[in-house]
Amino acid sequence: MTDTSLPLPADARRHSATFPPEIIGQIQRTAVEGHYEIRGGGAKRSVPGFDDLVFLTASVSRYPLEGYRERCDTRTVLGARNGAAPIELDIPITIAGMSFGALSRNAKEALGLAATMAGTSTTTGDGGMIPEEREASKTLVYQLLPSRYGFNPRDLLKADAVEIVVGQGAKPGGGGILLGQKVSEQVAEMRTLPAGIDQRSASRHPDWTGPDDLRIKIAELREATNWEKPIYVKIGATRVENDVKLCVAAGADVVVLDGLQGGTAATQDVFIEHAGIPTMPAVRLAAGALRDIGMQDEVQLIVSGGIRTGADVAKAIALGADAVSIGTAALIAMGCNSRTYTLDGEVHDATEDYARLGTAPGYCHHMHTGSCPMGITTQDPDLERRLDPEVAARKVANYVLAMTMEVTALARACGKSDVHNLEPEDLVALTVEAAAMARVPLAGTSWIPGRET
Amino acid sequence: MCGIVGLHLRDESLYPRLGELLTPMLVAMGERGPDSAGIALYADELPVGTLRWSLRAAAGGTAWDEVADRLGTVLGTMPAVRRVDTDAVLTVDADAEHVRKALDDWFPELGIVSYGRALEVYKDVGHPADILERYGIAERAGYQALGHTRMATESAVTTEHSHPFAAGPDLCLVHNGSFSNYATVRRRLADAGITFDTDNDSEVAAQYLAYEIGNGADLGQALDSLMTALDGFYTLLVATETEFAVVRDRSACKPAVIAETDEYVAMASEYHALATLPAIDTAYVFEPMPQEIHTWSR
Amino acid sequence: MVTLSCAELTTTEINRRLRELPRGSTVTITEPRGRHNLAVGLFPQIDITVDGNAGYFIGGLCDGPDVSVNGFVGWSVGENLMSGTVRVHGSASECAGASAHGGEIYIEGDASSRAGISLKGGTLVVAGGVGHMTGFMAQAGVIVVGGDTQEALGDSLYEAVIYVGGRVGSLGSDARIEDLGDEDVLLLKELVERSGFDHIEPENMTRVASARELYNFRASMSQAY
């Protein structure tokens with residue numbers, strides 16, 4: 001008989017790296033439910049990223065710009081390649097596509113208002129364009145997705161640009177089945193689906209497959225918009241070099257590249273964690289691909305997937321992006337994973353709401369449940385009330401403008417009068433992996449691993 | 001990112017016009033692939049024992065007379081040389097293995113683009129219209145032809161990566177689509193002794209067919225076998241000395257249109273590439289069903 | 001009566017002229033010879049005839065016109081159609097009527113694979129046969145096939161309904177054959193009249209609809225996904 005009053009032996013809790021508690025939990029959940037785990041959010045595991053890069057700001061050999069008197073431009077122009085009216089942004093940060101259906105109406109409106117306040121664009125998602133969003137957004141990009149939910153030619157004309165979504169970082173190449181909690185009556189009607197069902201997700205577009213036929217599809221969209229609107233093509237980061245070149249050959253005016261850390265409202269965990277390459281190497285590959293085919297000045301590159309701070313933005317630009325896009329971060333700015341929400345002037349603690357979902361503030365990735373305690377990723381009107389679009393918009397705008405200040409601070413310190421003059425040579429890496437992935441030297445050395453010449 | 005075209009002539013009176021008819025077909029498919037193009041022509045079958053070799057010059061040019069002289073000495077029989085742009089077609093009355101060895105030993109810098117009794121292949125980097133012009137395709141006669149236009153994705157845009165891939169005598173393949181397991185199939189073929197010029201997925205398909213045919217399969221059987229071995233998306237157009245075949249994978253996500261008259265059979269990725277053919281308005285136009293091998297023979 | 005020639009005008013020029021025509025106009029587009037993207041993204045209620053064989057996306061993204069083609073068409077005819085009609089006197093390539101939200105698409109010949117894919121409320125009537133994966137993920141609307149179908153008919157079907165006059169090659173995942181009801185017959189009679197495909201016999205059609213077993217995930221069905 002074991003005497004439970006004695007302390008456990010020192011090696012009683014030997015951690016297994018192969019079967020840690022999280023994995024044990026996953027396996028047992030799968031055994032009970034009989035299907036893959038579906039969740040929201042992006043890749044949670046640690047991968048080489050922008051944190052592994054640092055700037056070589058001015059000192060003696062380089063001189064900085066003053067922070068106040070001396071201009072550092074952030075204006076960003078996208079999509080002029082084929083004669084469309086270009087997208088002109090005040091800042092190099094845009095709001096990524098997220099669907100009405102995944103997001104509440106208030107959240108979509110908030111993003112539109114925020115983008116307008118910050119002088120940038122927002123993007124529709126896998127559910128079509130809602131009037132509140134078009135009204136709130138000064139510049140709105142309209143997505144064409146494999147599902148084609150709610151897609152129609154009149155909304156197409158209301159858009160400022162079109163974004164053909166081939167894939168996204170959270171699930172490049174993925175389709176499959178999503179759970180039914182999000183398909184409320186309202187969303188179901190917009191998507192022409194029965195309410196409450198588990199929604200199936202197509203991995204390919206219904207009317208074309210492959211870059212050679214994408215070329216003809218892009219031509220169709222140009223015809224339908226009288227050549228007036230820039231055409232973006234969005235891809236998840238996998239075989240980036242080839243894919244970027246093919247997007248350009250197919251006619252893209254702008255390439256949007258979403259890395260492994262990119263978020264989603266709901267998809268299979270196996271895609272989120274195990275498909276796609278991290279954003280940091282993806283940027284450099286994409287920029288290199290454009291340069292290889294001489295298109296770096298003709299076609300713009302927007303990069304997304306785990307962009308969090310102005311430092312991330314600056315590094316992405318230095319590695320070759322023209323702009324970045326934020327999704328998850330924008331939601332966090334408006335309250336996602338916050339412990340409290342404010343309703344009718346009163347602050348409420350939401351910890352119990354999170355606990356009911358099986359999570360806690362700071363760890364929540366449960367958008368797929370449709371019960372977002374912050375009213376952001378939900379269709380439940382009681383929850384949605386907790387999100388005031390104007391207040392949320394202010395927060396997102398604050399965040400985005402503050403990030404822009406961080407970018408200019410770093411850019412000025414590198415001696416740049418325009419953030420787009422940041423270049424890879426402004427960076428060094430702190431790890432061998434990051435040096436190899438970003439193709440910048442390992443700090444303290446001139447070594448770039450993996451480069452032949 | 002490719003366009004493919006093919007023309008198999010049934011009416012001998014059209015043979016002199018083969019190149020003339022093929023030219024606008026290939027130019028039309030330049031929209032699907034503007035960066036490189038390749039053409040395979042089947043014409044003037046040589047007697048058994050004689051072979052025609054399409055050779056690509058070394059970078060910087062090749063003195064073809066010297067090549068012919070040397071081969072003449074080594075093989076004991078003098079090749080005839082026909083220059084085509086900077087490249088050349090050598091006709092020689094010798095065994096394929098001996099010719100290959102001679103070329104490998106003495107002129108490893110030359111590219112062996114194709115060999116056979118009827119086949120010639122021309123391919124290079126450049127816009128399809130330019131390629132056609134350089135090789136004088138519009139003036140050529142013959143009984144069947146394949147063409148391919150390509151958008152290069154590798155950073156080094158090279159000729160070797162262009163289609164058609166001619167892996168065996170008189171065997172030629174063009175491909176639109178994307179194979180998903182070709183690296184594994186290439187390894188297996190390499191283990192069996194096959195060597196590859198490129199890391200291109202389409203070359204694997206060509207070598208696979210050559211291997212199967214070399215082991216006694218006919219084209220239909222080889223294509224059947226390929227459909228099991230190679231995974232992914234494809235429309236394939238394959239020709240041998242006597243046959244012309246089209247097949248699509250199970251999903252049929254890559255396009256294919258075939259037009260058939262008493263005078264010819266034509267194939268293209270998009271119909272408008274066929275629109276200049278004679279009597280196209282009354283041709284029987286159809287699309288091959290998934291996994292259905294359509295073959296026409298002389 | 002307006003005539004626009006593909007031999008003289010680019011596709012963009014043609015679409016621009018079409019866009020400017022007043023309601024009720026009649027237009028003929030000549031010498032298409034496989035041209036793509038003719039009559040795309042149009043709203044005016046006009047009558048357009050494409051006099052010859054045409055390419056991809058003919059009549060796509062339209063919300064108003066009546067388009068007819070005197071020949072066959074390439075991929076995705078009438079894709080994302082909102083209202084109006086597209087009539088093809090010949091056959092159609094893959095993805096005919098893809099994601100159509102409304103309006104009617106009539107194919108007098110055959111349609112190919114994935115006809116009516118992702119259908120969202122439109123009506124697709126094919127006099128002849130259709131290819132594999134017809135009605136794949138079709139959410140709403142009606143597909144009528146006068147002839148035979150190939151494999152995987154109605155795979156992953158939602159609430160769209162498919163009627164087949166000939167043989168069903170095989171049913172796709174979650175598609176099943178149901179009894180034909182009076183309402184079905186009435187609908188089919190109407191569609192026969194509108195399409196002019198009077199070889200179709202409303203009482204003898206096979207009704208294919210969703211078994212709805214994939215609507216809510218069940219572990220035991222996982223291999224059906």
# chains A, B, ... in the order shown; residues from 1 in each chain; ligands from 1

$ residues_around --residues "stretch 113-125 of chain C" --least-positions-apart "6" --cutoff "6 Å" --atoms "only C-alpha atoms" --output "NGL selection string"
:C and (94-106 or 131-144)

$ interface_residues --of "chain A" --to "chain B" --cutoff "12 Å" --atoms "only C-alpha atoms" --output "PyMOL selection string"
chain A and resi 204-216+219+239-251+285+288-294

$ write_last_selection --atoms "N, CA and C atoms" --output "mmCIF file, in the first residue's frame"
data_model
loop_
_atom_site.group_PDB
_atom_site.id
_atom_site.type_symbol
_atom_site.label_atom_id
_atom_site.label_comp_id
_atom_site.auth_asym_id
_atom_site.auth_seq_id
_atom_site.Cartn_x
_atom_site.Cartn_y
_atom_site.Cartn_z
ATOM 1 N N ARG A 204 -10.439 24.384 -53.686
ATOM 2 C CA ARG A 204 -10.132 24.989 -54.982
ATOM 3 C C ARG A 204 -11.263 25.935 -55.371
ATOM 4 N N HIS A 205 -10.956 26.851 -56.251
ATOM 5 C CA HIS A 205 -12.004 27.685 -56.823
ATOM 6 C C HIS A 205 -12.889 26.830 -57.726
ATOM 7 N N PRO A 206 -14.167 27.177 -57.835
ATOM 8 C CA PRO A 206 -15.077 26.335 -58.614
ATOM 9 C C PRO A 206 -14.894 26.456 -60.117
ATOM 10 N N ASP A 207 -14.372 27.596 -60.569
ATOM 11 C CA ASP A 207 -14.399 27.813 -62.011
ATOM 12 C C ASP A 207 -13.035 27.922 -62.669
ATOM 13 N N TRP A 208 -11.960 27.663 -61.924
ATOM 14 C CA TRP A 208 -10.642 27.628 -62.557
ATOM 15 C C TRP A 208 -9.686 26.872 -61.636
ATOM 16 N N THR A 209 -8.649 26.264 -62.241
ATOM 17 C CA THR A 209 -7.607 25.604 -61.447
ATOM 18 C C THR A 209 -6.273 25.862 -62.110
ATOM 19 N N GLY A 210 -5.323 26.391 -61.385
ATOM 20 C CA GLY A 210 -3.978 26.543 -61.936
ATOM 21 C C GLY A 210 -3.734 27.942 -62.458
ATOM 22 N N PRO A 211 -2.463 28.336 -62.499
ATOM 23 C CA PRO A 211 -2.130 29.715 -62.846
ATOM 24 C C PRO A 211 -2.482 30.082 -64.290
ATOM 25 N N ASP A 212 -2.412 29.100 -65.207
ATOM 26 C CA ASP A 212 -2.722 29.427 -66.597
ATOM 27 C C ASP A 212 -4.207 29.770 -66.746
ATOM 28 N N ASP A 213 -5.057 29.094 -66.013
ATOM 29 C CA ASP A 213 -6.488 29.421 -66.073
ATOM 30 C C ASP A 213 -6.840 30.581 -65.141
ATOM 31 N N LEU A 214 -6.035 30.780 -64.089
ATOM 32 C CA LEU A 214 -6.207 31.974 -63.239
ATOM 33 C C LEU A 214 -6.035 33.229 -64.075
ATOM 34 N N ARG A 215 -5.123 33.146 -65.030
ATOM 35 C CA ARG A 215 -4.877 34.279 -65.923
ATOM 36 C C ARG A 215 -6.165 34.715 -66.607
ATOM 37 N N ILE A 216 -6.929 33.744 -67.046
ATOM 38 C CA ILE A 216 -8.177 34.040 -67.743
ATOM 39 C C ILE A 216 -9.216 34.551 -66.747
ATOM 40 N N ALA A 219 -8.521 38.118 -66.064
ATOM 41 C CA ALA A 219 -9.011 38.904 -67.203
ATOM 42 C C ALA A 219 -10.516 39.106 -67.099
ATOM 43 N N ARG A 239 5.395 27.002 -51.383
ATOM 44 C CA ARG A 239 6.464 27.079 -52.383
ATOM 45 C C ARG A 239 6.499 28.510 -52.923
ATOM 46 N N VAL A 240 6.948 29.383 -52.049
ATOM 47 C CA VAL A 240 6.747 30.817 -52.263
ATOM 48 C C VAL A 240 7.332 31.312 -53.572
ATOM 49 N N GLU A 241 8.555 30.907 -53.867
ATOM 50 C CA GLU A 241 9.229 31.458 -55.047
ATOM 51 C C GLU A 241 8.445 31.173 -56.325
ATOM 52 N N ASN A 242 8.122 29.887 -56.522
ATOM 53 C CA ASN A 242 7.363 29.521 -57.713
ATOM 54 C C ASN A 242 5.981 30.156 -57.716
ATOM 55 N N ASP A 243 5.329 30.138 -56.550
ATOM 56 C CA ASP A 243 3.953 30.625 -56.481
ATOM 57 C C ASP A 243 3.874 32.114 -56.784
ATOM 58 N N VAL A 244 4.816 32.877 -56.262
ATOM 59 C CA VAL A 244 4.787 34.325 -56.505
ATOM 60 C C VAL A 244 4.975 34.599 -57.999
ATOM 61 N N LYS A 245 5.928 33.890 -58.615
ATOM 62 C CA LYS A 245 6.165 34.100 -60.042
ATOM 63 C C LYS A 245 4.942 33.732 -60.864
ATOM 64 N N LEU A 246 4.273 32.681 -60.462
ATOM 65 C CA LEU A 246 3.075 32.279 -61.194
ATOM 66 C C LEU A 246 1.940 33.286 -60.998
ATOM 67 N N CYS A 247 1.803 33.818 -59.789
ATOM 68 C CA CYS A 247 0.772 34.850 -59.565
ATOM 69 C C CYS A 247 1.028 36.042 -60.472
ATOM 70 N N VAL A 248 2.278 36.431 -60.573
ATOM 71 C CA VAL A 248 2.609 37.580 -61.410
ATOM 72 C C VAL A 248 2.336 37.264 -62.873
ATOM 73 N N ALA A 249 2.735 36.078 -63.300
ATOM 74 C CA ALA A 249 2.488 35.690 -64.691
ATOM 75 C C ALA A 249 1.002 35.610 -64.983
ATOM 76 N N ALA A 250 0.225 35.246 -63.986
ATOM 77 C CA ALA A 250 -1.223 35.168 -64.181
ATOM 78 C C ALA A 250 -1.859 36.554 -64.233
ATOM 79 N N GLY A 251 -1.113 37.585 -63.811
ATOM 80 C CA GLY A 251 -1.622 38.943 -63.955
ATOM 81 C C GLY A 251 -1.856 39.713 -62.677
ATOM 82 N N LEU A 285 11.760 35.273 -49.605
ATOM 83 C CA LEU A 285 11.589 34.460 -50.804
ATOM 84 C C LEU A 285 10.734 35.185 -51.834
ATOM 85 N N GLY A 288 12.573 38.126 -53.344
ATOM 86 C CA GLY A 288 13.591 37.600 -54.250
ATOM 87 C C GLY A 288 12.984 37.117 -55.549
ATOM 88 N N ALA A 289 11.832 36.491 -55.461
ATOM 89 C CA ALA A 289 11.157 35.998 -56.655
ATOM 90 C C ALA A 289 10.765 37.152 -57.574
ATOM 91 N N LEU A 290 10.237 38.223 -56.971
ATOM 92 C CA LEU A 290 9.847 39.377 -57.775
ATOM 93 C C LEU A 290 11.063 39.996 -58.457
ATOM 94 N N ARG A 291 12.170 40.029 -57.725
ATOM 95 C CA ARG A 291 13.389 40.609 -58.287
ATOM 96 C C ARG A 291 13.926 39.745 -59.424
ATOM 97 N N ASP A 292 13.848 38.434 -59.238
ATOM 98 C CA ASP A 292 14.283 37.482 -60.269
ATOM 99 C C ASP A 292 13.602 37.717 -61.597
ATOM 100 N N ILE A 293 12.331 38.082 -61.550
ATOM 101 C CA ILE A 293 11.594 38.276 -62.795
ATOM 102 C C ILE A 293 11.453 39.756 -63.118
ATOM 103 N N GLY A 294 12.228 40.592 -62.423
ATOM 104 C CA GLY A 294 12.255 42.023 -62.732
ATOM 105 C C GLY A 294 10.968 42.756 -62.424
#

$ interface_residues --of "chain C" --to "chain A" --cutoff "9 Å" --atoms "only C-alpha atoms" --output "MDAnalysis selection string"
chainID C and resid 11:12 15:16 36:43 56:57 60:63 75:76 79:82 94:99 101 114 117:118 120:121 137 139:140 156 158:159 214:220 222 225

$ interface_residues --of "chain C" --to "chain B" --cutoff "8 Å" --atoms "only C-alpha atoms" --output "NGL selection string"
:C and (33-35 or 54-55 or 74 or 93 or 113 or 131)

$ write_last_selection --atoms "N, CA and C atoms" --output "PDB file, in the first residue's frame"
ATOM      1  N   ARG C  33     -14.626  32.925 -82.361  1.00  0.00           N
ATOM      2  CA  ARG C  33     -13.539  31.971 -82.551  1.00  0.00           C
ATOM      3  C   ARG C  33     -12.849  31.608 -81.240  1.00  0.00           C
ATOM      4  N   GLY C  34     -13.644  31.316 -80.234  1.00  0.00           N
ATOM      5  CA  GLY C  34     -13.078  30.847 -78.979  1.00  0.00           C
ATOM      6  C   GLY C  34     -12.644  31.953 -78.025  1.00  0.00           C
ATOM      7  N   ARG C  35     -13.007  33.185 -78.298  1.00  0.00           N
ATOM      8  CA  ARG C  35     -12.636  34.309 -77.440  1.00  0.00           C
ATOM      9  C   ARG C  35     -13.212  34.133 -76.031  1.00  0.00           C
ATOM     10  N   ALA C  54     -17.325  30.086 -78.495  1.00  0.00           N
ATOM     11  CA  ALA C  54     -16.724  31.059 -77.585  1.00  0.00           C
ATOM     12  C   ALA C  54     -15.904  30.357 -76.506  1.00  0.00           C
ATOM     13  N   GLY C  55     -15.185  31.147 -75.740  1.00  0.00           N
ATOM     14  CA  GLY C  55     -14.241  30.604 -74.763  1.00  0.00           C
ATOM     15  C   GLY C  55     -14.790  30.562 -73.348  1.00  0.00           C
ATOM     16  N   GLY C  74     -16.451  27.491 -73.705  1.00  0.00           N
ATOM     17  CA  GLY C  74     -15.398  26.917 -72.871  1.00  0.00           C
ATOM     18  C   GLY C  74     -15.858  26.780 -71.434  1.00  0.00           C
ATOM     19  N   SER C  93     -18.143  23.392 -71.805  1.00  0.00           N
ATOM     20  CA  SER C  93     -17.009  22.744 -71.136  1.00  0.00           C
ATOM     21  C   SER C  93     -17.268  22.663 -69.640  1.00  0.00           C
ATOM     22  N   SER C 113     -17.604  18.171 -66.934  1.00  0.00           N
ATOM     23  CA  SER C 113     -17.449  17.927 -65.495  1.00  0.00           C
ATOM     24  C   SER C 113     -17.860  19.146 -64.674  1.00  0.00           C
ATOM     25  N   GLY C 131     -20.865  15.807 -67.104  1.00  0.00           N
ATOM     26  CA  GLY C 131     -19.655  15.105 -66.689  1.00  0.00           C
ATOM     27  C   GLY C 131     -19.641  14.790 -65.198  1.00  0.00           C
TER      28      GLY C 131
END

$ select_by_dssp --residues "stretch 23-129 of chain C" --states "strand (DSSP E or B)" --output "ChimeraX atom specification"
/C:26-30,47-51,63-69,73,83-88,92,104-107,120-126

$ residues_around --residues "C:Pro202" --least-positions-apart "2" --cutoff "12 Å" --atoms "only C-alpha atoms" --output "NGL selection string"
:C and (144-146 or 163-166 or 180-193 or 197-200 or 204-207)

$ residues_around --residues "B:Arg52" --least-positions-apart "3" --cutoff "9 Å" --atoms "only C-alpha atoms" --output "short mmCIF file (atom, residue, chain, number, x, y, z; two decimals) with C-alpha atoms, in the first residue's frame"
data_model
loop_
_atom_site.label_atom_id
_atom_site.label_comp_id
_atom_site.auth_asym_id
_atom_site.auth_seq_id
_atom_site.Cartn_x
_atom_site.Cartn_y
_atom_site.Cartn_z
CA LEU B 46 14.20 7.46 -92.29
CA VAL B 89 19.86 17.97 -87.00
CA LEU B 90 22.24 15.13 -87.71
CA THR B 91 21.17 12.10 -89.69
CA VAL B 92 23.36 9.08 -89.24
CA ASP B 93 23.27 5.42 -90.15
CA SER B 114 15.55 14.18 -79.43
CA TYR B 115 16.31 11.23 -81.63
CA GLY B 116 14.30 8.95 -83.85
CA ARG B 117 13.46 8.02 -87.41
CA ALA B 118 10.88 10.73 -87.82
CA LEU B 119 11.13 13.06 -84.86
CA GLU B 120 12.78 16.47 -84.60
#

$ atom_distance --atom1 "atom CA of B:Ala40" --atom2 "atom CA of B:Thr23"
12.0 Å

$ residues_around --residues "B:Val174" --least-positions-apart "6" --cutoff "6 Å" --atoms "only C-alpha atoms" --output "ChimeraX atom specification"
/B:163-164,236-237

$ residues_around --residues "B:Val81" --least-positions-apart "5" --cutoff "12 Å" --atoms "only C-alpha atoms" --output "list in words"
Arg52, Trp53, Ser54, Leu55, Ala63, Trp64, Asp65, Glu66, Val67, Ala68, Asp69, Leu71, Gly72, Asp87, Ala88, Val89, Leu90, Thr91 and Val92 of chain B

$ decode --residues "stretch 45-63 of chain C" --atoms "C-alpha atoms" --output "compact mmCIF listing (two decimals), in the first residue's frame"
# COMPACT_ATOMS: atom_id res chain seq x y z
CA GLN C 45 -31.35 44.14 -69.95
CA ILE C 46 -30.25 43.56 -73.48
CA ASP C 47 -30.24 40.66 -75.90
CA ILE C 48 -26.77 39.41 -76.86
CA THR C 49 -26.03 36.76 -79.47
CA VAL C 50 -22.52 35.38 -79.75
CA ASP C 51 -22.43 34.06 -83.28
CA GLY C 52 -19.92 31.24 -83.13
CA ASN C 53 -17.87 29.21 -80.67
CA ALA C 54 -16.72 31.06 -77.59
CA GLY C 55 -14.24 30.60 -74.76
CA TYR C 56 -14.28 30.82 -70.96
CA PHE C 57 -16.60 32.75 -68.64
CA ILE C 58 -19.11 33.71 -71.31
CA GLY C 59 -21.98 35.54 -69.62
CA GLY C 60 -20.18 35.40 -66.29
CA LEU C 61 -21.00 37.83 -63.45
CA CYS C 62 -24.07 39.11 -65.31
CA ASP C 63 -27.22 40.47 -63.73
